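One file, final-v1.txt, carrying compact mmCIF, C-alpha atoms (C1' of nucleotides):
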# COMPACT_ATOMS: atom_id res chain seq x y z
CA MET K 1 98.41 140.28 86.05
CA PRO K 2 97.79 137.48 83.62
CA PRO K 3 96.18 134.31 84.90
CA LYS K 4 98.28 131.25 85.25
CA GLY K 5 98.94 129.46 82.03
CA GLN K 6 98.53 132.55 79.92
CA LEU K 7 101.49 133.46 77.80
CA ASP K 8 103.58 136.57 77.85
CA GLU K 9 102.76 138.33 74.63
CA HIS K 10 106.37 139.10 73.92
CA ILE K 11 107.64 135.59 74.11
CA ASP K 12 106.40 132.44 72.46
CA ILE K 13 106.74 129.90 75.20
CA SER K 14 106.43 127.05 72.71
CA LYS K 15 109.95 127.74 71.55
CA HIS K 16 111.29 127.21 75.01
CA PHE K 17 110.67 123.53 75.45
CA ASP K 18 109.91 120.58 73.22
CA MET K 19 107.39 119.07 75.58
CA ASN K 20 105.20 116.47 74.04
CA ARG K 21 101.85 118.19 73.73
CA ASN K 22 99.98 115.04 72.90
CA TYR K 23 98.78 114.69 76.44
CA SER K 24 95.16 114.41 75.49
CA ARG K 25 95.78 112.39 72.35
CA ALA K 26 96.01 108.66 71.90
CA ILE K 27 98.46 106.77 73.99
CA PRO K 28 100.93 104.66 71.97
CA ALA K 29 99.74 101.13 71.29
CA GLU K 30 102.46 99.50 73.35
CA TRP K 31 101.51 101.66 76.33
CA ARG K 32 97.82 101.08 75.88
CA ALA K 33 98.33 97.33 76.08
CA MET K 34 100.64 97.80 79.02
CA SER K 35 98.18 100.07 80.77
CA LYS K 36 95.90 97.19 81.69
CA VAL K 37 98.88 95.12 82.72
CA PHE K 38 100.15 97.89 84.99
CA GLU K 39 96.75 98.20 86.55
CA ALA K 40 96.44 94.44 87.02
CA LEU K 41 99.90 93.95 88.48
CA GLY K 42 99.70 97.08 90.61
CA ASP K 43 97.82 95.08 93.22
CA GLU K 44 99.88 92.98 95.61
CA HIS K 45 97.42 90.09 95.75
CA ARG K 46 97.32 89.82 91.99
CA GLN K 47 101.10 89.98 91.87
CA ARG K 48 101.31 87.14 94.37
CA LEU K 49 98.85 85.11 92.37
CA VAL K 50 100.98 85.48 89.25
CA LEU K 51 104.13 84.59 91.17
CA SER K 52 102.46 81.40 92.38
CA PHE K 53 102.99 79.81 89.00
CA GLU K 54 105.98 77.67 88.23
CA PRO K 55 107.31 77.78 84.65
CA GLY K 56 104.73 76.42 82.22
CA GLU K 57 102.41 75.44 85.02
CA ARG K 58 98.64 75.53 84.94
CA LEU K 59 96.70 76.05 88.14
CA ASN K 60 92.99 76.01 88.82
CA VAL K 61 91.03 78.39 91.00
CA SER K 62 90.92 76.09 94.01
CA GLN K 63 94.66 75.68 94.02
CA LEU K 64 95.20 79.40 93.78
CA ALA K 65 92.59 80.11 96.44
CA GLU K 66 94.27 77.58 98.67
CA VAL K 67 97.58 79.41 98.88
CA SER K 68 95.95 82.80 98.92
CA THR K 69 94.70 84.40 102.10
CA LEU K 70 91.59 85.60 100.30
CA ALA K 71 88.16 84.09 99.87
CA ARG K 72 87.59 81.97 96.78
CA SER K 73 85.22 84.48 95.28
CA THR K 74 87.76 87.24 95.75
CA VAL K 75 90.46 85.18 94.10
CA SER K 76 88.08 84.55 91.25
CA HIS K 77 87.57 88.27 90.91
CA HIS K 78 91.31 88.97 90.75
CA LEU K 79 91.84 86.17 88.26
CA LYS K 80 89.21 87.72 86.06
CA LEU K 81 91.03 91.05 86.09
CA LEU K 82 94.34 89.36 85.31
CA ARG K 83 92.74 87.53 82.43
CA GLU K 84 91.13 90.69 81.07
CA ALA K 85 94.47 92.43 81.27
CA GLY K 86 96.02 89.65 79.22
CA VAL K 87 98.35 88.54 81.98
CA LEU K 88 96.67 85.17 82.38
CA GLU K 89 94.82 82.89 80.05
CA SER K 90 92.26 80.32 81.07
CA GLU K 91 90.50 77.24 79.86
CA LYS K 92 87.58 75.42 81.37
CA ILE K 93 87.94 71.66 81.51
CA GLY K 94 85.06 69.88 83.11
CA LYS K 95 84.16 71.65 86.30
CA GLU K 96 87.51 73.29 86.67
CA VAL K 97 89.01 76.42 85.17
CA TRP K 98 92.74 76.29 84.58
CA TYR K 99 94.84 79.40 84.47
CA TRP K 100 98.34 79.96 83.11
CA ILE K 101 100.58 82.89 82.39
CA ASN K 102 100.38 84.39 78.93
CA LYS K 103 104.14 84.38 78.83
CA ALA K 104 104.81 85.03 75.16
CA TRP K 105 102.50 87.99 74.92
CA LEU K 106 103.55 89.39 78.28
CA THR K 107 107.21 89.18 77.36
CA GLN K 108 106.51 90.89 74.07
CA VAL K 109 104.62 93.77 75.64
CA PHE K 110 107.32 94.28 78.26
CA GLU K 111 109.95 94.40 75.56
CA ASP K 112 107.94 96.85 73.49
CA VAL K 113 107.59 99.21 76.42
CA THR K 114 111.27 98.88 77.25
CA GLU K 115 112.10 99.73 73.66
CA HIS K 116 109.79 102.73 73.68
CA LEU K 117 111.37 103.82 76.92
CA ARG K 118 114.84 103.51 75.41
CA LYS K 119 114.14 105.34 72.18
CA ARG K 120 111.35 107.77 72.91
CA LEU K 121 111.67 108.77 76.52
CA MET Y 1 93.47 62.13 78.16
CA PRO Y 2 93.70 64.19 81.31
CA PRO Y 3 94.50 67.83 80.83
CA LYS Y 4 97.75 69.10 82.13
CA GLY Y 5 97.52 69.81 85.81
CA GLN Y 6 94.54 67.63 86.51
CA LEU Y 7 94.81 65.34 89.46
CA ASP Y 8 94.35 61.66 90.04
CA GLU Y 9 92.14 61.15 93.07
CA HIS Y 10 94.15 58.22 94.35
CA ILE Y 11 97.36 60.08 94.82
CA ASP Y 12 98.46 62.78 97.23
CA ILE Y 13 97.55 66.06 95.66
CA SER Y 14 100.72 67.75 96.85
CA LYS Y 15 102.86 65.62 94.57
CA HIS Y 16 101.09 66.66 91.43
CA PHE Y 17 101.95 70.27 91.06
CA ASP Y 18 104.92 72.35 91.93
CA MET Y 19 102.94 75.46 92.63
CA ASN Y 20 104.91 78.11 94.31
CA ARG Y 21 103.55 78.10 97.82
CA ASN Y 22 105.36 81.22 98.87
CA TYR Y 23 102.25 83.30 98.34
CA SER Y 24 102.47 84.94 101.70
CA ARG Y 25 106.22 85.25 101.70
CA ALA Y 26 108.41 87.99 100.36
CA ILE Y 27 108.00 89.06 96.79
CA PRO Y 28 111.21 88.92 94.72
CA ALA Y 29 113.22 92.13 94.79
CA GLU Y 30 112.71 92.91 91.12
CA TRP Y 31 108.96 92.60 91.55
CA ARG Y 32 108.90 94.64 94.69
CA ALA Y 33 110.57 97.53 92.92
CA MET Y 34 108.27 97.07 89.98
CA SER Y 35 105.23 96.95 92.20
CA LYS Y 36 105.29 100.67 92.84
CA VAL Y 37 105.94 101.31 89.18
CA PHE Y 38 102.97 99.21 88.16
CA GLU Y 39 100.80 101.06 90.60
CA ALA Y 40 102.07 104.43 89.44
CA LEU Y 41 101.73 103.73 85.73
CA GLY Y 42 98.40 101.98 86.13
CA ASP Y 43 96.71 105.37 86.09
CA GLU Y 44 96.08 106.93 82.70
CA HIS Y 45 96.77 110.49 83.80
CA ARG Y 46 100.12 109.48 85.23
CA GLN Y 47 100.90 107.57 82.08
CA ARG Y 48 100.13 110.65 80.00
CA LEU Y 49 102.30 112.79 82.23
CA VAL Y 50 105.23 110.45 81.69
CA LEU Y 51 104.62 110.38 77.95
CA SER Y 52 104.74 114.17 77.89
CA PHE Y 53 108.50 114.08 78.18
CA GLU Y 54 110.75 114.20 75.15
CA PRO Y 55 114.02 112.25 75.40
CA GLY Y 56 116.25 113.72 78.08
CA GLU Y 57 113.84 116.56 78.69
CA ARG Y 58 113.13 118.20 82.01
CA LEU Y 59 109.76 119.76 82.69
CA ASN Y 60 108.50 121.75 85.62
CA VAL Y 61 105.13 121.44 87.31
CA SER Y 62 103.57 124.39 85.53
CA GLN Y 63 104.45 123.01 82.15
CA LEU Y 64 103.05 119.63 83.03
CA ALA Y 65 99.90 121.14 84.55
CA GLU Y 66 99.46 123.21 81.43
CA VAL Y 67 99.14 120.28 79.05
CA SER Y 68 97.21 118.23 81.53
CA THR Y 69 93.46 118.53 81.88
CA LEU Y 70 93.77 118.33 85.65
CA ALA Y 71 94.07 120.97 88.32
CA ARG Y 72 97.58 121.91 89.33
CA SER Y 73 97.20 120.41 92.77
CA THR Y 74 96.10 117.15 91.22
CA VAL Y 75 99.08 117.11 88.89
CA SER Y 76 101.28 117.76 91.89
CA HIS Y 77 99.73 114.76 93.61
CA HIS Y 78 100.36 112.49 90.64
CA LEU Y 79 103.93 113.73 90.27
CA LYS Y 80 104.52 112.86 93.90
CA LEU Y 81 103.34 109.30 93.34
CA LEU Y 82 105.48 108.98 90.22
CA ARG Y 83 108.50 110.25 92.12
CA GLU Y 84 107.90 107.92 95.05
CA ALA Y 85 107.58 105.03 92.64
CA GLY Y 86 110.96 105.94 91.18
CA VAL Y 87 109.55 106.69 87.75
CA LEU Y 88 110.44 110.37 87.92
CA GLU Y 89 113.19 112.30 89.64
CA SER Y 90 113.05 115.94 90.58
CA GLU Y 91 115.23 118.83 91.49
CA LYS Y 92 114.25 122.20 92.83
CA ILE Y 93 115.96 125.14 91.18
CA GLY Y 94 114.87 128.47 92.50
CA LYS Y 95 111.13 128.54 92.69
CA GLU Y 96 110.67 125.77 90.21
CA VAL Y 97 110.79 122.02 90.54
CA TRP Y 98 112.01 120.19 87.49
CA TYR Y 99 111.01 116.63 86.78
CA TRP Y 100 112.59 114.08 84.46
CA ILE Y 101 112.26 110.41 83.76
CA ASN Y 102 114.51 108.09 85.76
CA LYS Y 103 115.33 106.36 82.53
CA ALA Y 104 118.34 104.26 83.53
CA TRP Y 105 116.70 102.84 86.63
CA LEU Y 106 113.36 102.32 84.93
CA THR Y 107 114.97 100.49 82.04
CA GLN Y 108 116.87 98.31 84.45
CA VAL Y 109 113.81 97.36 86.44
CA PHE Y 110 111.84 96.57 83.31
CA GLU Y 111 114.64 94.34 82.10
CA ASP Y 112 114.89 92.59 85.45
CA VAL Y 113 111.21 91.79 85.43
CA THR Y 114 111.35 90.63 81.83
CA GLU Y 115 114.23 88.35 82.75
CA HIS Y 116 112.37 86.99 85.74
CA LEU Y 117 109.39 86.41 83.50
CA ARG Y 118 111.53 84.56 80.97
CA LYS Y 119 113.33 82.32 83.43
CA ARG Y 120 111.02 81.86 86.38
CA LEU Y 121 107.49 82.10 85.08
C1' DC A 1 67.00 63.52 88.33
C1' DC A 2 69.76 64.35 92.56
C1' DA A 3 73.83 65.30 95.16
C1' DT A 4 78.37 66.96 94.84
C1' DT A 5 82.01 69.84 93.38
C1' DA A 6 84.09 73.99 91.07
C1' DT A 7 83.49 78.42 89.87
C1' DT A 8 81.19 82.75 89.14
C1' DT A 9 77.89 86.30 90.22
C1' DC A 10 75.40 89.14 93.40
C1' DG A 11 74.60 92.21 97.34
C1' DA A 12 76.36 94.75 100.97
C1' DT A 13 79.89 97.11 103.17
C1' DA A 14 84.48 98.68 104.00
C1' DT A 15 88.41 100.75 102.22
C1' DG A 16 91.03 103.32 99.05
C1' DT A 17 91.86 106.72 95.33
C1' DC A 18 90.99 110.91 92.63
C1' DT A 19 89.89 115.49 92.45
C1' DG A 20 89.89 120.53 92.94
C1' DG A 21 89.75 124.47 96.05
C1' DA A 22 91.68 126.63 100.01
C1' DC A 23 95.60 127.24 102.47
C1' DA A 24 100.72 126.88 103.54
C1' DT A 25 105.54 127.14 102.29
C1' DA A 26 109.51 128.61 99.63
C1' DT A 27 111.98 131.60 96.56
C1' DC A 28 113.10 135.73 94.34
C1' DG A 29 113.31 140.56 93.17
C1' DA A 30 112.10 145.19 94.21
C1' DT X 1 109.96 143.20 104.20
C1' DC X 2 106.43 143.03 100.71
C1' DG X 3 104.36 141.13 96.63
C1' DA X 4 104.41 137.86 93.07
C1' DT X 5 105.20 133.28 91.54
C1' DA X 6 105.84 128.19 91.91
C1' DT X 7 104.93 124.30 94.27
C1' DG X 8 103.24 121.39 97.94
C1' DT X 9 99.75 120.00 101.48
C1' DC X 10 95.28 119.42 103.52
C1' DC X 11 90.50 118.53 103.27
C1' DA X 12 86.10 116.61 102.02
C1' DG X 13 83.08 114.87 98.58
C1' DA X 14 82.65 111.83 94.61
C1' DC X 15 83.88 107.78 92.77
C1' DA X 16 86.09 103.20 92.35
C1' DT X 17 87.84 98.94 94.13
C1' DA X 18 88.29 95.07 97.45
C1' DT X 19 86.23 91.89 100.23
C1' DC X 20 83.25 88.28 101.97
C1' DG X 21 79.31 85.16 102.24
C1' DA X 22 75.29 83.64 100.07
C1' DA X 23 73.05 82.40 96.10
C1' DA X 24 73.29 81.06 91.30
C1' DT X 25 75.35 78.53 87.49
C1' DA X 26 77.72 74.64 85.33
C1' DA X 27 79.52 69.99 85.05
C1' DT X 28 80.02 65.36 86.78
C1' DG X 29 78.89 60.90 88.61
C1' DG X 30 75.69 57.90 90.62

Mind turning this structure into structure tokens?
Amino acid sequence: MPPKGQLDEHIDISKHFDMNRNYSRAIPAEWRAMSKVFEALGDEHRQRLVLSFEPGERLNVSQLAEVSTLARSTVSHHLKLLREAGVLESEKIGKEVWYWINKAWLTQVFEDVTEHLRKRL
Amino acid sequence: MPPKGQLDEHIDISKHFDMNRNYSRAIPAEWRAMSKVFEALGDEHRQRLVLSFEPGERLNVSQLAEVSTLARSTVSHHLKLLREAGVLESEKIGKEVWYWINKAWLTQVFEDVTEHLRKRL
DNA sequence: CCATTATTTCGATATGTCTGGACATATCGA
DNA sequence: TCGATATGTCCAGACATATCGAAATAATGG
């Protein structure tokens, strides 16, 4: 008997489904950007941190650590991941580092993925 | 001039920012649904599996395992997570289990989060 | 300088996730 | 019922992430 995955010589299986065979190829740009976002927002603590912001608001690490149940250093770690994912932006002013939501970019990426979902999936 | 969000030492700190203090409270419904999706799509292999589908297409586990670089049991594991997250749906027909993208629901959830992002963040 | 404050980095440990092979279950046809 | 096929589950090792406190870094004011 043929091993799994091997094709029956009489039938070309490729004609039987249109499956996207690009599995190992590059992921579409809009998904690649979103990939980091998914990863960042997949964690409940990071999600809560993001939801701590009011519209247009900037918050520093101490303020975020204050409402969080985590240690300051841990909050700092999560903020770093959120910033690297593009979810948050930050600016250091004096001793403090202020964070805010990268709203425009985030909205754009979400819309791109939604569009890709609509048209290509 | 003081940067936005910076505090005056003479005045009660609580009056200077509207930070959402509901950190430890319930996460909004649209984010709770999205939470699992984020987690599921945060993994590159799972993302590739999802992107393997052509519009409206149904694929079974063997087909998905075939294009994947992972062992069949591993693919099965990832498919389970994607199904539990609501990204994929499945139906068993005979010996085979067919998977497809839960497009309508997924689109809806993405739009809900985008709306929440627009209006509340 | 020195002390203070805000934040990040480091080190250690705990916890969680990914992975593939072995095994179990389900379905179908002979 | 038996054998083949398709899928799911369990397990254990490898690997990654989360967490905290302590130490290090940076900025400020005296």

- request: For atom CA of K:Glu66 and atom CA of Y:Glu39, determine how far apart the two atoms are, in Å to one decimal place.
  value: 25.7 Å

task: List the neighbours of A:DT7 out to 8 Å using all atoms listed in the file; skip same-chain residues closer than 4 positions along the sequence, and give me the result as an NGL selection string.
output: :K and (61 or 76 or 95-97)

Enumerate, in order of chain and increasing residue number, the residues of chain K with an atom no farther than 6 Å from chain Y, each with its shortest atom pair and distance in Å to one decimal, counting only C-alpha atoms, as JSON lines.
{"residue": "K:Met19", "atom": "CA", "partner": "Y:Phe53", "partner_atom": "CA", "distance": 5.7}
{"residue": "K:Asn20", "atom": "CA", "partner": "Y:Ser52", "partner_atom": "CA", "distance": 4.5}
{"residue": "K:Tyr23", "atom": "CA", "partner": "Y:Arg48", "partner_atom": "CA", "distance": 5.6}
{"residue": "K:Ser35", "atom": "CA", "partner": "Y:Gly42", "partner_atom": "CA", "distance": 5.7}
{"residue": "K:Phe38", "atom": "CA", "partner": "Y:Phe38", "partner_atom": "CA", "distance": 4.4}
{"residue": "K:Glu39", "atom": "CA", "partner": "Y:Gly42", "partner_atom": "CA", "distance": 4.1}
{"residue": "K:Gly42", "atom": "CA", "partner": "Y:Glu39", "partner_atom": "CA", "distance": 4.1}
{"residue": "K:Arg48", "atom": "CA", "partner": "Y:Tyr23", "partner_atom": "CA", "distance": 5.6}
{"residue": "K:Ser52", "atom": "CA", "partner": "Y:Asn20", "partner_atom": "CA", "distance": 4.5}
{"residue": "K:Phe53", "atom": "CA", "partner": "Y:Met19", "partner_atom": "CA", "distance": 5.7}
{"residue": "K:Glu54", "atom": "CA", "partner": "Y:Leu121", "partner_atom": "CA", "distance": 5.6}
{"residue": "K:Pro55", "atom": "CA", "partner": "Y:Leu121", "partner_atom": "CA", "distance": 4.3}
{"residue": "K:Arg58", "atom": "CA", "partner": "Y:Gly5", "partner_atom": "CA", "distance": 5.9}
{"residue": "K:Arg120", "atom": "CA", "partner": "Y:Pro55", "partner_atom": "CA", "distance": 5.8}
{"residue": "K:Leu121", "atom": "CA", "partner": "Y:Pro55", "partner_atom": "CA", "distance": 4.3}

Export of prior selection with C-alpha atoms as a JSON list (two decimals), keeping the file's coordinate frame:
[["chain", "number", "residue", "atom", "x", "y", "z"],
["K", 19, "MET", "CA", 107.39, 119.07, 75.58],
["K", 20, "ASN", "CA", 105.20, 116.47, 74.04],
["K", 23, "TYR", "CA", 98.78, 114.69, 76.44],
["K", 35, "SER", "CA", 98.18, 100.07, 80.77],
["K", 38, "PHE", "CA", 100.15, 97.89, 84.99],
["K", 39, "GLU", "CA", 96.75, 98.20, 86.55],
["K", 42, "GLY", "CA", 99.70, 97.08, 90.61],
["K", 48, "ARG", "CA", 101.31, 87.14, 94.37],
["K", 52, "SER", "CA", 102.46, 81.40, 92.38],
["K", 53, "PHE", "CA", 102.99, 79.81, 89.00],
["K", 54, "GLU", "CA", 105.98, 77.67, 88.23],
["K", 55, "PRO", "CA", 107.31, 77.78, 84.65],
["K", 58, "ARG", "CA", 98.64, 75.53, 84.94],
["K", 120, "ARG", "CA", 111.35, 107.77, 72.91],
["K", 121, "LEU", "CA", 111.67, 108.77, 76.52]]

Contact table chain X vs chain Y, cut-off 10 Å, shortest pair per residue, only C-alpha atoms (C1' of nucleotides), as CSV:
residue,atom,partner,partner_atom,distance
X:DT5,C1',Y:Lys95,CA,7.7
X:DA6,C1',Y:Lys95,CA,5.4
X:DT7,C1',Y:Glu96,CA,7.2
X:DG8,C1',Y:Ser76,CA,7.3
X:DT9,C1',Y:Ser73,CA,9.1

Residue list for chain A near chain K as a PDB file with C-alpha atoms (C1' of nucleotides), in the frame of the given file, 8 Å, all atoms listed in the file:
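The file below, selection-v4.pdb, is the result:
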ATOM      1  C1'  DT A   5      82.010  69.840  93.380  1.00  0.00           C
ATOM      2  C1'  DA A   6      84.090  73.990  91.070  1.00  0.00           C
ATOM      3  C1'  DT A   7      83.490  78.420  89.870  1.00  0.00           C
ATOM      4  C1'  DT A   8      81.190  82.750  89.140  1.00  0.00           C
TER       5       DT A   8
END

Spatial neighbours of A:DA30, max dist 12 Å, all atoms listed in the file, sep filter under 2 positions, as a ChimeraX atom specification: /A:28 /X:1-4

message: One number please: atom CA of K:Thr74 to atom C1' of X:DT19, in Å, one decimal.
response: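 Interatomic distance here is 6.6 Å.
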
- request: Would you mind reading off the distance between atom CA of K:Ala71 and atom C1' of A:DA3, one decimal, in Å?
  value: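 Calculated distance between atom CA of K:Ala71 and atom C1' of A:DA3 is 24.1 Å.
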
Would you kindly return, as a tab-separated table (two decimals) with C-alpha atoms (C1' of nucleotides), in the frame of the given file, each protein, DNA or RNA residue with an atom no farther than 12 Å from any atom of A:DT15, considering all atoms listed in the file and excluding same-chain residues fewer than 3 positions away?
chain	number	residue	atom	x	y	z
X	16	DA	C1'	86.09	103.20	92.35
X	17	DT	C1'	87.84	98.94	94.13
X	18	DA	C1'	88.29	95.07	97.45
X	19	DT	C1'	86.23	91.89	100.23

query: So which one's closest to X:DG21, A:DA24, A:DC10, A:DG16, A:DC2? Using all atoms listed in the file, please.
result: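 Closest residue, counting all atoms listed in the file: A:DC10.
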